[in-house]
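Asks: Here you go, this is query.tsv (TSV, C-alpha atoms).
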```tsv
chain	number	residue	atom	x	y	z
N	1	MET	CA	86.22	117.87	171.32
N	2	SER	CA	85.08	115.70	168.42
N	3	THR	CA	82.60	113.88	170.68
N	4	SER	CA	81.06	117.18	171.84
N	5	ILE	CA	80.74	118.45	168.29
N	6	ALA	CA	79.14	115.18	167.18
N	7	SER	CA	76.65	115.29	170.07
N	8	LEU	CA	75.62	118.83	169.15
N	9	GLN	CA	74.81	117.89	165.56
N	10	PRO	CA	71.31	116.38	166.27
N	11	LEU	CA	70.30	119.49	168.26
N	12	ALA	CA	71.56	121.73	165.46
N	13	ARG	CA	69.48	119.74	162.96
N	14	ILE	CA	66.40	120.07	165.17
N	15	VAL	CA	66.93	123.84	165.40
N	16	GLY	CA	67.30	123.97	161.62
N	17	TYR	CA	64.12	121.99	161.03
N	18	ALA	CA	62.26	124.09	163.61
N	19	ARG	CA	63.09	127.25	161.69
N	20	TYR	CA	61.44	125.83	158.58
N	21	VAL	CA	58.42	124.47	160.49
N	22	PHE	CA	57.73	127.63	162.49
N	23	GLY	CA	58.47	129.83	159.48
N	24	GLY	CA	56.03	127.82	157.36
N	25	LEU	CA	53.41	127.88	160.10
N	26	LEU	CA	53.77	131.65	160.46
N	27	LEU	CA	53.32	132.09	156.72
N	28	LEU	CA	50.32	129.75	156.73
N	29	THR	CA	48.77	131.68	159.64
N	30	ILE	CA	49.13	135.00	157.83
N	31	VAL	CA	47.72	133.57	154.59
N	32	LEU	CA	44.72	131.90	156.26
N	33	LEU	CA	43.83	134.92	158.39
N	34	THR	CA	44.10	137.22	155.38
N	35	TRP	CA	42.07	134.83	153.22
N	36	GLN	CA	39.45	134.48	155.94
N	37	ARG	CA	39.08	138.24	156.11
N	38	VAL	CA	39.02	139.12	152.42
N	39	GLY	CA	37.83	135.84	150.89
N	40	MET	CA	36.91	132.30	151.86
N	41	GLU	CA	33.29	133.12	151.01
N	42	GLN	CA	30.55	130.53	150.77
N	43	VAL	CA	27.21	131.48	149.26
N	44	VAL	CA	24.05	129.35	149.26
N	45	GLU	CA	21.39	130.29	146.74
N	46	LEU	CA	17.85	129.66	148.01
N	47	THR	CA	16.07	130.82	144.87
N	48	GLY	CA	16.10	129.02	141.55
N	49	ASP	CA	15.56	125.27	141.52
N	50	HIS	CA	17.66	124.52	144.60
N	51	PHE	CA	14.78	124.28	147.10
N	52	GLN	CA	11.03	123.75	147.01
N	53	VAL	CA	9.11	127.02	147.27
N	54	TRP	CA	5.42	127.89	147.67
N	55	ILE	CA	3.12	130.76	148.65
N	56	GLU	CA	0.77	130.84	151.66
N	57	ASP	CA	-1.68	133.43	152.95
N	58	ASP	CA	-3.83	133.99	156.00
N	59	ARG	CA	-6.81	132.13	154.53
N	60	SER	CA	-5.23	128.96	155.92
N	61	SER	CA	-5.23	130.34	159.47
N	62	SER	CA	-7.74	129.27	162.07
N	63	ASP	CA	-9.04	132.84	162.30
N	64	GLY	CA	-10.19	132.74	158.69
N	65	GLY	CA	-8.27	135.51	156.94
N	66	ALA	CA	-9.07	136.85	153.50
N	67	SER	CA	-5.70	137.89	152.05
N	68	VAL	CA	-4.83	136.31	148.72
N	69	GLY	CA	-1.33	135.40	147.61
N	70	SER	CA	-0.03	133.85	144.40
N	71	ILE	CA	3.34	133.17	142.83
N	72	GLU	CA	4.66	132.89	139.30
N	73	LYS	CA	8.09	132.38	137.79
N	74	ASN	CA	9.60	134.79	135.34
N	75	GLY	CA	12.82	133.13	134.24
N	76	ARG	CA	14.86	132.83	137.44
N	77	ASP	CA	12.75	135.43	139.24
N	78	LEU	CA	9.89	134.68	141.60
N	79	VAL	CA	7.00	137.15	141.28
N	80	VAL	CA	4.77	137.30	144.37
N	81	HIS	CA	1.30	138.87	144.14
N	82	CYS	CA	-0.28	139.65	147.48
N	83	HIS	CA	-3.63	141.29	148.19
N	84	ILE	CA	-3.75	142.11	151.88
N	85	VAL	CA	-7.27	142.08	153.33
N	86	PRO	CA	-7.33	143.08	157.03
N	87	LYS	CA	-10.07	140.64	158.03
N	88	TYR	CA	-8.20	139.68	161.21
N	89	GLY	CA	-5.32	141.12	163.25
N	90	TRP	CA	-2.31	139.70	161.39
N	91	PRO	CA	-2.98	139.47	157.66
N	92	TYR	CA	-0.12	138.20	155.51
N	93	CYS	CA	1.18	136.55	152.39
N	94	LYS	CA	4.13	134.25	152.95
N	95	LEU	CA	6.74	132.98	150.49
N	96	THR	CA	8.19	129.78	151.95
N	97	PHE	CA	11.43	127.97	151.06
N	98	ASN	CA	11.61	124.38	152.26
N	99	LEU	CA	15.14	123.45	153.41
N	100	LEU	CA	14.33	120.00	154.79
N	101	LYS	CA	16.19	117.10	153.25
N	102	GLU	CA	15.39	113.69	154.69
N	103	ASN	CA	13.76	115.45	157.66
N	104	VAL	CA	16.98	117.35	158.44
N	105	GLY	CA	17.19	121.12	158.09
N	106	MET	CA	20.07	123.41	157.12
N	107	ASP	CA	22.78	124.45	159.55
N	108	MET	CA	22.92	128.26	159.29
N	109	SER	CA	25.12	128.76	162.34
N	110	THR	CA	28.21	129.08	160.12
N	111	PHE	CA	26.69	131.90	158.03
N	112	ASP	CA	26.93	135.60	158.80
N	113	TYR	CA	24.10	137.25	156.87
N	114	MET	CA	21.36	136.89	154.26
N	115	THR	CA	20.77	139.06	151.20
N	116	ILE	CA	17.54	139.87	149.40
N	117	ASP	CA	17.71	141.17	145.85
N	118	GLY	CA	14.31	142.15	144.51
N	119	HIS	CA	11.91	144.80	143.28
N	120	TYR	CA	8.68	145.98	144.92
N	121	SER	CA	5.66	147.78	143.52
N	122	GLY	CA	2.28	148.29	145.14
N	123	THR	CA	0.20	150.40	147.46
N	124	GLY	CA	1.74	151.63	150.68
N	125	ASN	CA	4.43	149.89	152.70
N	126	PRO	CA	4.85	146.16	152.04
N	127	GLY	CA	5.86	145.55	155.65
N	128	PHE	CA	8.43	142.84	154.97
N	129	SER	CA	9.38	140.30	157.64
N	130	LEU	CA	11.80	137.39	157.47
N	131	ALA	CA	11.46	134.25	159.58
N	132	LEU	CA	13.58	131.12	160.13
N	133	ALA	CA	11.67	128.04	161.32
N	134	GLN	CA	14.01	125.89	163.42
N	135	VAL	CA	13.54	122.22	164.20
N	136	GLU	CA	14.09	122.24	167.96
N	137	GLU	CA	14.97	118.86	169.42
N	138	GLY	CA	12.37	117.65	171.89
N	139	LEU	CA	9.87	120.39	170.99
N	140	THR	CA	9.24	120.31	167.23
N	141	ARG	CA	6.97	117.90	165.41
N	142	LEU	CA	7.35	118.09	161.65
N	143	ASP	CA	3.62	117.65	161.08
N	144	GLN	CA	2.70	120.58	163.37
N	145	TRP	CA	3.92	123.94	162.04
N	146	GLU	CA	3.24	125.79	165.31
N	147	THR	CA	5.85	123.62	167.12
N	148	PHE	CA	8.68	124.94	164.96
N	149	LYS	CA	10.86	127.43	166.80
N	150	VAL	CA	10.50	130.70	164.90
N	151	HIS	CA	13.25	133.32	164.65
N	152	GLN	CA	12.13	136.52	163.02
N	153	VAL	CA	13.16	140.03	162.11
N	154	ASP	CA	10.42	142.55	161.30
N	155	LYS	CA	10.01	145.91	159.58
N	156	LEU	CA	12.53	145.35	156.81
N	157	ASP	CA	12.73	148.21	154.31
N	158	LEU	CA	13.87	147.41	150.81
N	159	PRO	CA	16.45	149.98	149.59
N	160	ALA	CA	16.06	151.83	146.31
N	161	ASP	CA	18.46	149.45	144.57
N	162	GLY	CA	16.42	146.50	145.82
N	163	LYS	CA	19.35	144.90	147.68
N	164	LEU	CA	18.94	144.27	151.38
N	165	ARG	CA	21.46	142.72	153.75
N	166	ILE	CA	20.17	141.07	156.94
N	167	PRO	CA	22.79	139.89	159.49
N	168	LEU	CA	21.73	136.68	161.20
N	169	LYS	CA	22.41	138.30	164.56
N	170	TRP	CA	19.34	140.48	163.93
N	171	PHE	CA	17.04	137.47	164.32
N	172	ALA	CA	15.30	136.93	167.65
N	173	VAL	CA	13.03	134.14	168.89
N	174	ALA	CA	9.40	135.11	168.29
N	175	PRO	CA	7.69	136.07	171.58
N	176	TRP	CA	4.47	134.28	170.58
N	177	TRP	CA	6.39	131.02	170.19
N	178	LYS	CA	7.86	131.39	173.68
N	179	ASP	CA	4.39	132.06	175.11
N	180	MET	CA	3.01	128.99	173.37
N	181	ALA	CA	5.91	126.49	173.76
N	182	LYS	CA	7.14	127.73	177.17
N	183	PRO	CA	10.67	126.45	176.45
N	184	SER	CA	13.48	126.07	178.99
N	185	MET	CA	16.29	128.63	179.09
N	186	GLU	CA	18.35	126.32	176.88
N	187	HIS	CA	15.70	126.24	174.15
N	188	ALA	CA	14.69	129.88	174.49
N	189	ALA	CA	17.96	131.18	173.02
N	190	VAL	CA	18.56	131.83	169.33
N	191	ASN	CA	19.65	128.65	167.53
N	192	VAL	CA	19.76	128.23	163.75
N	193	ASP	CA	21.65	124.97	163.31
N	194	ASN	CA	18.64	123.02	161.96
N	195	VAL	CA	16.47	125.42	159.96
N	196	ALA	CA	13.60	123.75	158.12
N	197	ARG	CA	12.08	126.78	156.38
N	198	VAL	CA	12.86	130.35	155.39
N	199	GLU	CA	9.76	132.51	155.20
N	200	LEU	CA	9.47	135.93	153.57
N	201	LEU	CA	6.27	137.65	154.72
N	202	ILE	CA	4.38	140.62	153.25
N	203	ARG	CA	2.13	142.22	155.86
N	204	GLY	CA	1.28	145.58	154.26
N	205	ASP	CA	1.15	147.17	157.73
N	206	GLY	CA	-2.17	145.36	158.14
N	207	LYS	CA	-3.88	147.69	155.64
N	208	ASP	CA	-5.87	146.79	152.57
N	209	GLY	CA	-3.67	146.92	149.48
N	210	LYS	CA	-2.13	145.07	146.59
N	211	HIS	CA	1.59	144.30	146.56
N	212	VAL	CA	3.84	142.85	143.88
N	213	PHE	CA	7.30	141.71	144.88
N	214	THR	CA	9.79	140.29	142.38
N	215	LEU	CA	12.47	138.24	144.15
N	216	ARG	CA	15.59	137.89	142.06
N	217	ARG	CA	17.88	136.32	144.67
N	218	LEU	CA	17.71	135.15	148.25
N	219	GLN	CA	21.14	134.08	149.46
N	220	LEU	CA	23.04	133.01	152.56
N	221	HIS	CA	26.57	134.33	153.01
N	222	GLY	CA	29.33	133.13	155.31
N	223	LYS	CA	32.87	131.91	155.54
N	224	VAL	CA	34.06	128.45	154.56
N	225	ILE	CA	35.84	128.38	157.92
N	226	ALA	CA	34.45	130.55	160.71
N	227	LEU	CA	36.93	132.91	162.36
N	228	ASN	CA	36.63	131.23	165.77
N	229	THR	CA	37.13	127.79	164.23
N	230	LEU	CA	40.13	129.01	162.25
N	231	LEU	CA	41.70	130.64	165.30
N	232	MET	CA	41.22	127.48	167.36
N	233	GLY	CA	42.83	125.42	164.61
N	234	LEU	CA	45.80	127.79	164.29
N	235	VAL	CA	46.31	127.97	168.06
N	236	SER	CA	46.19	124.16	168.23
N	237	ALA	CA	48.77	123.94	165.42
N	238	TRP	CA	51.09	126.40	167.21
N	239	VAL	CA	50.73	124.58	170.52
N	240	LEU	CA	51.35	121.21	168.83
N	241	CYS	CA	54.49	122.54	167.12
N	242	ALA	CA	55.73	124.12	170.35
N	243	VAL	CA	55.18	120.91	172.32
N	244	GLY	CA	56.83	118.89	169.55
N	245	TRP	CA	59.78	121.29	169.57
N	246	LEU	CA	60.17	120.98	173.37
N	247	VAL	CA	59.92	117.18	173.21
N	248	ALA	CA	62.50	117.01	170.41
N	249	VAL	CA	64.89	119.36	172.23
N	250	THR	CA	64.45	117.44	175.49
N	251	LEU	CA	65.15	114.09	173.82
N	252	SER	CA	68.14	115.58	172.00
N	253	LEU	CA	69.56	117.03	175.22
N	254	ARG	CA	69.05	113.72	177.01
N	255	THR	CA	70.88	111.93	174.21
N	256	GLU	CA	73.64	114.54	174.34
N	257	LEU	CA	73.92	114.13	178.13
N	258	LYS	CA	74.19	110.35	177.78
N	259	ASP	CA	76.85	110.76	175.08
N	260	ARG	CA	78.84	113.10	177.32
N	261	GLU	CA	78.54	110.74	180.28
N	262	ALA	CA	79.76	107.90	178.07
N	263	ALA	CA	82.62	110.10	176.83
N	264	ILE	CA	83.59	110.99	180.40
N	265	ALA	CA	83.55	107.32	181.41
N	266	LEU	CA	85.71	106.49	178.39
N	267	LEU	CA	88.17	109.26	179.27
N	268	LYS	CA	88.43	107.90	182.82
N	269	GLU	CA	89.25	104.44	181.48
N	270	VAL	CA	91.81	105.91	179.10
N	271	ASN	CA	93.32	107.93	181.95
N	272	LYS	CA	93.66	104.83	184.08
N	273	ALA	CA	95.35	103.01	181.22
N	274	LEU	CA	97.70	105.94	180.68
N	275	GLU	CA	98.59	106.01	184.38
N	276	LEU	CA	99.38	102.31	184.32
N	277	GLU	CA	101.41	102.73	181.16
N	278	ALA	CA	103.24	105.69	182.67
N	279	ARG	CA	104.12	103.64	185.75
N	280	ASP	CA	105.30	100.80	183.56
N	281	LEU	CA	107.41	103.14	181.46
N	282	ALA	CA	108.79	104.78	184.57
N	283	GLY	CA	109.79	101.40	185.91
N	284	GLN	CA	111.42	100.45	182.59
N	285	ALA	CA	113.44	103.67	182.64
N	286	HIS	CA	115.05	102.68	185.97
N	287	ILE	CA	115.53	98.92	185.43
N	288	ASP	CA	117.85	97.10	183.06
N	289	PRO	CA	115.53	95.05	180.81
N	290	LEU	CA	118.03	92.15	180.52
N	291	THR	CA	118.92	91.49	184.14
N	292	GLY	CA	116.10	93.22	186.00
N	293	ALA	CA	118.66	95.09	188.13
N	294	LEU	CA	118.66	98.84	188.70
N	295	ASN	CA	120.46	100.71	185.96
N	296	ARG	CA	122.44	103.90	186.47
N	297	GLN	CA	119.27	106.09	186.45
N	298	GLY	CA	117.51	103.75	188.83
N	299	LEU	CA	120.46	103.60	191.16
N	300	ARG	CA	120.71	107.38	191.27
N	301	ALA	CA	117.00	107.67	192.05
N	302	ALA	CA	117.29	105.05	194.78
N	303	LEU	CA	120.33	106.67	196.39
N	304	MET	CA	118.87	110.18	196.22
N	305	SER	CA	115.46	109.29	197.65
N	306	THR	CA	114.58	110.57	201.11
N	307	SER	CA	114.17	107.07	202.52
N	308	SER	CA	117.69	106.15	201.41
N	309	LEU	CA	119.23	109.27	202.92
N	310	LEU	CA	117.58	108.58	206.28
N	311	ALA	CA	118.48	104.85	206.30
N	312	ASP	CA	121.39	103.15	208.14
N	313	PRO	CA	124.93	103.43	206.66
N	314	MET	CA	125.37	101.29	203.59
N	315	ALA	CA	128.04	100.21	201.16
N	316	VAL	CA	128.14	100.04	197.36
N	317	ILE	CA	130.13	97.27	195.67
N	318	PHE	CA	131.16	97.47	192.01
N	319	ILE	CA	131.84	94.07	190.44
N	320	ASP	CA	133.26	93.48	186.96
N	321	ILE	CA	133.35	90.25	184.92
N	322	ASP	CA	136.82	89.76	183.48
N	323	HIS	CA	137.20	88.61	179.89
N	324	PHE	CA	133.41	88.70	179.36
N	325	LYS	CA	133.93	89.62	175.74
N	326	SER	CA	135.48	86.22	175.08
N	327	ILE	CA	132.25	84.54	176.26
N	328	ASN	CA	130.29	86.41	173.65
N	329	ASP	CA	132.88	85.74	170.99
N	330	THR	CA	133.17	82.06	171.80
N	331	HIS	CA	129.65	81.04	172.82
N	332	GLY	CA	127.50	83.78	171.33
N	333	HIS	CA	125.53	86.67	172.72
N	334	ASP	CA	122.63	84.50	173.93
N	335	VAL	CA	124.97	82.63	176.28
N	336	GLY	CA	126.51	85.96	177.31
N	337	ASP	CA	123.05	87.32	178.14
N	338	ASP	CA	122.33	84.21	180.20
N	339	VAL	CA	125.57	84.66	182.12
N	340	LEU	CA	124.65	88.27	182.88
N	341	ARG	CA	121.21	87.32	184.17
N	342	LYS	CA	122.61	84.58	186.48
N	343	PHE	CA	125.36	86.89	187.66
N	344	ALA	CA	122.79	89.59	188.51
N	345	ASN	CA	120.68	87.07	190.43
N	346	VAL	CA	123.74	86.04	192.48
```
Write the structure described by the file as structure tokens, please.
Replies:
Amino acid sequence: MSTSIASLQPLARIVGYARYVFGGLLLLTIVLLTWQRVGMEQVVELTGDHFQVWIEDDRSSSDGGASVGSIEKNGRDLVVHCHIVPKYGWPYCKLTFNLLKENVGMDMSTFDYMTIDGHYSGTGNPGFSLALAQVEEGLTRLDQWETFKVHQVDKLDLPADGKLRIPLKWFAVAPWWKDMAKPSMEHAAVNVDNVARVELLIRGDGKDGKHVFTLRRLQLHGKVIALNTLLMGLVSAWVLCAVGWLVAVTLSLRTELKDREAAIALLKEVNKALELEARDLAGQAHIDPLTGALNRQGLRAALMSTSSLLADPMAVIFIDIDHFKSINDTHGHDVGDDVLRKFANV
């Protein structure tokens, strides 16, 4: 009983530890999922002094446009002045943010959306567009702007409060870039893991007009840990704990089984010893320890046994030693014991 209880103690400890581990992991899972949903925000500010910024217009195009764009800073704000002149089909002014650092762009794949906070005044519709210029491996050359893979979203309307939210899933690869680069299916899909530039375009619906746009903030928003990444991590942690639990239980049960087998083997040895001791004690109960002859109990057992009852007729002789007491009194009990042993042998 004590051996069984002792062998169960490691398994009981493992069960106890498992309760704490799985309980802690459950609490951690709830906390992380809740935090991921309501918090865990990361925000990257593109305006300010974080990245190089400049203004471009269609005068630099090969078709020789005539639109004029300029930029000035008013505190933290960027004030863009754009005079759209429809000299050719796609007139524009373009505010560009350079994200390249040591020829490596920004990974936007972990972000969910962009926000524009600004104020517009001018003639007609500004015709905002937003573009992300991706460095596409094997296709893009940094010294040739037309080789950048362009993702764009057009016809953005600035709300009355000047705050616009643009989910990154709205962006699509520009059809003109596909026609020019003729990419494979792999490169034709949306990919924003190496964005070199963010471009905010004013098109003015292609009509002549002056536009003034004050950009207060241009930000990227996302989670510190994406939901899919967090779920994969949590699932991996649960699987690891479950496998560890099974391994620990298996090893504990194997140890317990070995302990029980050892206990059973020990009990068998003890049983054998007890049987031998019982036989020895049984023999001592029927034999006189001094002379080695059958005592009264042994004689009764011998006479009453089945083999004795079925044997040939026999006789029993009772012999007494006269004056034996004088031997003990004269020569001592050791001599008397010796006489008894020799007499029994005869």
Asks: Counting only C-alpha atoms, figure out which residue out of N:Leu164, N:Val68, N:Leu100, N:Ala131 gets nearest to N:Pro86.
Replies: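 Under the stated criterion, the closest residue is N:Val68.
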Asks: Smallest atom-to-atom distance to N:Val190: which of N:Lys258, N:Lys223, N:Arg165, N:His151, using only C-alpha atoms?
Replies: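 Using only C-alpha atoms, N:Val190 sits closest to N:His151.
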Asks: If I take atom CA of N:Gly118 and atom CA of N:Leu218, how far is one from the other in Å, to one decimal?
Replies: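 About the pair atom CA of N:Gly118 and atom CA of N:Leu218: they are 8.6 Å apart.
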Asks: Taking all atoms listed in the file into account, name the residue in N:Leu220, N:Leu231, N:Leu142, N:Asn271 that is nearest to N:Ile30.
Replies: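 With all atoms listed in the file as the atom set, the closest residue is N:Leu231.
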Asks: Residues within 12 Å of N:Val53, please, as a PDB file with C-alpha atoms, keeping the file's coordinate frame. Count all atoms listed in the file; anything in the same chain fewer than 3 positions from it doesn't count.
Replies:
```pdb
ATOM      1  CA  LEU N  46      17.850 129.660 148.010  1.00  0.00           C
ATOM      2  CA  THR N  47      16.070 130.820 144.870  1.00  0.00           C
ATOM      3  CA  GLY N  48      16.100 129.020 141.550  1.00  0.00           C
ATOM      4  CA  ASP N  49      15.560 125.270 141.520  1.00  0.00           C
ATOM      5  CA  HIS N  50      17.660 124.520 144.600  1.00  0.00           C
ATOM      6  CA  GLU N  56       0.770 130.840 151.660  1.00  0.00           C
ATOM      7  CA  SER N  70      -0.030 133.850 144.400  1.00  0.00           C
ATOM      8  CA  ILE N  71       3.340 133.170 142.830  1.00  0.00           C
ATOM      9  CA  GLU N  72       4.660 132.890 139.300  1.00  0.00           C
ATOM     10  CA  LYS N  73       8.090 132.380 137.790  1.00  0.00           C
ATOM     11  CA  LEU N  78       9.890 134.680 141.600  1.00  0.00           C
ATOM     12  CA  VAL N  79       7.000 137.150 141.280  1.00  0.00           C
ATOM     13  CA  VAL N  80       4.770 137.300 144.370  1.00  0.00           C
ATOM     14  CA  LYS N  94       4.130 134.250 152.950  1.00  0.00           C
ATOM     15  CA  LEU N  95       6.740 132.980 150.490  1.00  0.00           C
ATOM     16  CA  THR N  96       8.190 129.780 151.950  1.00  0.00           C
ATOM     17  CA  PHE N  97      11.430 127.970 151.060  1.00  0.00           C
ATOM     18  CA  ASN N  98      11.610 124.380 152.260  1.00  0.00           C
ATOM     19  CA  LEU N  99      15.140 123.450 153.410  1.00  0.00           C
ATOM     20  CA  LEU N 100      14.330 120.000 154.790  1.00  0.00           C
ATOM     21  CA  ARG N 197      12.080 126.780 156.380  1.00  0.00           C
ATOM     22  CA  VAL N 198      12.860 130.350 155.390  1.00  0.00           C
ATOM     23  CA  GLU N 199       9.760 132.510 155.200  1.00  0.00           C
ATOM     24  CA  LEU N 200       9.470 135.930 153.570  1.00  0.00           C
ATOM     25  CA  LEU N 218      17.710 135.150 148.250  1.00  0.00           C
TER      26      LEU N 218
END
```
Asks: Step by step: start from the point (27.7, 131.4, 148.2) in the file's coordinates, keep every protein, DNA or RNA residue that has an atom no farther than 12 Å from it, count only C-alpha atoms, and write the set as JSON, numbers by chain.
Replies: {"N": [39, 40, 41, 42, 43, 44, 45, 46, 111, 112, 113, 114, 115, 217, 218, 219, 220, 221, 222, 223, 224]}
Asks: Which polymer residues have any atom within 12 Å of an atom of N:Ser326, counting only C-alpha atoms, with same-chain residues fewer than 6 positions away left out, as an MDAnalysis selection string?
Replies: chainID N and resid 332:333 335:336
Asks: Counting all atoms listed in the file, what is within 12 Å of N:Val239, bar same-chain residues fewer than 6 positions away, as a compact mmCIF listing (two decimals) with C-alpha atoms, keeping the file's coordinate frame?
Replies:
```txt
# COMPACT_ATOMS: atom_id res chain seq x y z
CA PHE N 22 57.73 127.63 162.49
CA LEU N 25 53.41 127.88 160.10
CA MET N 232 41.22 127.48 167.36
CA GLY N 233 42.83 125.42 164.61
CA TRP N 245 59.78 121.29 169.57
CA LEU N 246 60.17 120.98 173.37
```
Asks: Figure out the distance between atom CA of N:Arg13 and atom CA of N:Ala237, please, to one decimal in Å.
Replies: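 Distance reported for this atom pair: 21.3 Å.
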Asks: As lines of an AutoDock Vina configuration file, please report the centre and edge lengths, rounded to one decimal in Å, of the axis-aligned box that holds all listed atoms of stretch 232-241 of chain N with 3 Å of padding on each of the six sides.
Replies:
```
center_x = 47.9
center_y = 124.6
center_z = 167.4
size_x = 19.3
size_y = 12.8
size_z = 12.2
```
Asks: Could you list, as JSON, numbers by chain, every residue within 12 Å of N:Asp161, counting only C-alpha atoms and ignoring same-chain residues fewer than 5 positions away?
Replies: {"N": [116, 117, 118, 119, 120]}
Asks: Rank N:Pro289, N:Gly162, N:Gly69, N:Gly127 by their smallest atom-to-atom distance to N:Val85, using all atoms listed in the file, and report the top residue only.
Replies: N:Gly69
Asks: Fewer than 6 positions away in the same chain doesn't count, so skip those; otherwise give me all residues within 12 Å of N:Val346, counting all atoms listed in the file, as a short mmCIF file (atom, residue, chain, number, x, y, z; two decimals) with C-alpha atoms, in the frame of the given file.
Replies:
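Final output, out10.cif:
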```cif
data_model
loop_
_atom_site.label_atom_id
_atom_site.label_comp_id
_atom_site.auth_asym_id
_atom_site.auth_seq_id
_atom_site.Cartn_x
_atom_site.Cartn_y
_atom_site.Cartn_z
CA THR N 291 118.92 91.49 184.14
CA ALA N 293 118.66 95.09 188.13
CA ILE N 319 131.84 94.07 190.44
CA VAL N 339 125.57 84.66 182.12
CA LEU N 340 124.65 88.27 182.88
#
```
Asks: Please work out which residues fall within 12 Å of (6.4, 127.5, 173.7), coordinates as given in the file, with all atoms listed in the file counting, and return them as a PDB file with C-alpha atoms, in the frame of the given file.
Replies:
```pdb
ATOM      1  CA  GLU N 136      14.090 122.240 167.960  1.00  0.00           C
ATOM      2  CA  GLY N 138      12.370 117.650 171.890  1.00  0.00           C
ATOM      3  CA  LEU N 139       9.870 120.390 170.990  1.00  0.00           C
ATOM      4  CA  THR N 140       9.240 120.310 167.230  1.00  0.00           C
ATOM      5  CA  GLU N 146       3.240 125.790 165.310  1.00  0.00           C
ATOM      6  CA  THR N 147       5.850 123.620 167.120  1.00  0.00           C
ATOM      7  CA  PHE N 148       8.680 124.940 164.960  1.00  0.00           C
ATOM      8  CA  LYS N 149      10.860 127.430 166.800  1.00  0.00           C
ATOM      9  CA  VAL N 150      10.500 130.700 164.900  1.00  0.00           C
ATOM     10  CA  VAL N 173      13.030 134.140 168.890  1.00  0.00           C
ATOM     11  CA  ALA N 174       9.400 135.110 168.290  1.00  0.00           C
ATOM     12  CA  PRO N 175       7.690 136.070 171.580  1.00  0.00           C
ATOM     13  CA  TRP N 176       4.470 134.280 170.580  1.00  0.00           C
ATOM     14  CA  TRP N 177       6.390 131.020 170.190  1.00  0.00           C
ATOM     15  CA  LYS N 178       7.860 131.390 173.680  1.00  0.00           C
ATOM     16  CA  ASP N 179       4.390 132.060 175.110  1.00  0.00           C
ATOM     17  CA  MET N 180       3.010 128.990 173.370  1.00  0.00           C
ATOM     18  CA  ALA N 181       5.910 126.490 173.760  1.00  0.00           C
ATOM     19  CA  LYS N 182       7.140 127.730 177.170  1.00  0.00           C
ATOM     20  CA  PRO N 183      10.670 126.450 176.450  1.00  0.00           C
ATOM     21  CA  SER N 184      13.480 126.070 178.990  1.00  0.00           C
ATOM     22  CA  MET N 185      16.290 128.630 179.090  1.00  0.00           C
ATOM     23  CA  HIS N 187      15.700 126.240 174.150  1.00  0.00           C
ATOM     24  CA  ALA N 188      14.690 129.880 174.490  1.00  0.00           C
TER      25      ALA N 188
END
```
Asks: In Å, with one decimal, what is the gap from atom CA of N:Asp143 to atom CA of N:Ile55?
Replies: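 These atoms are spaced 18.1 Å apart.
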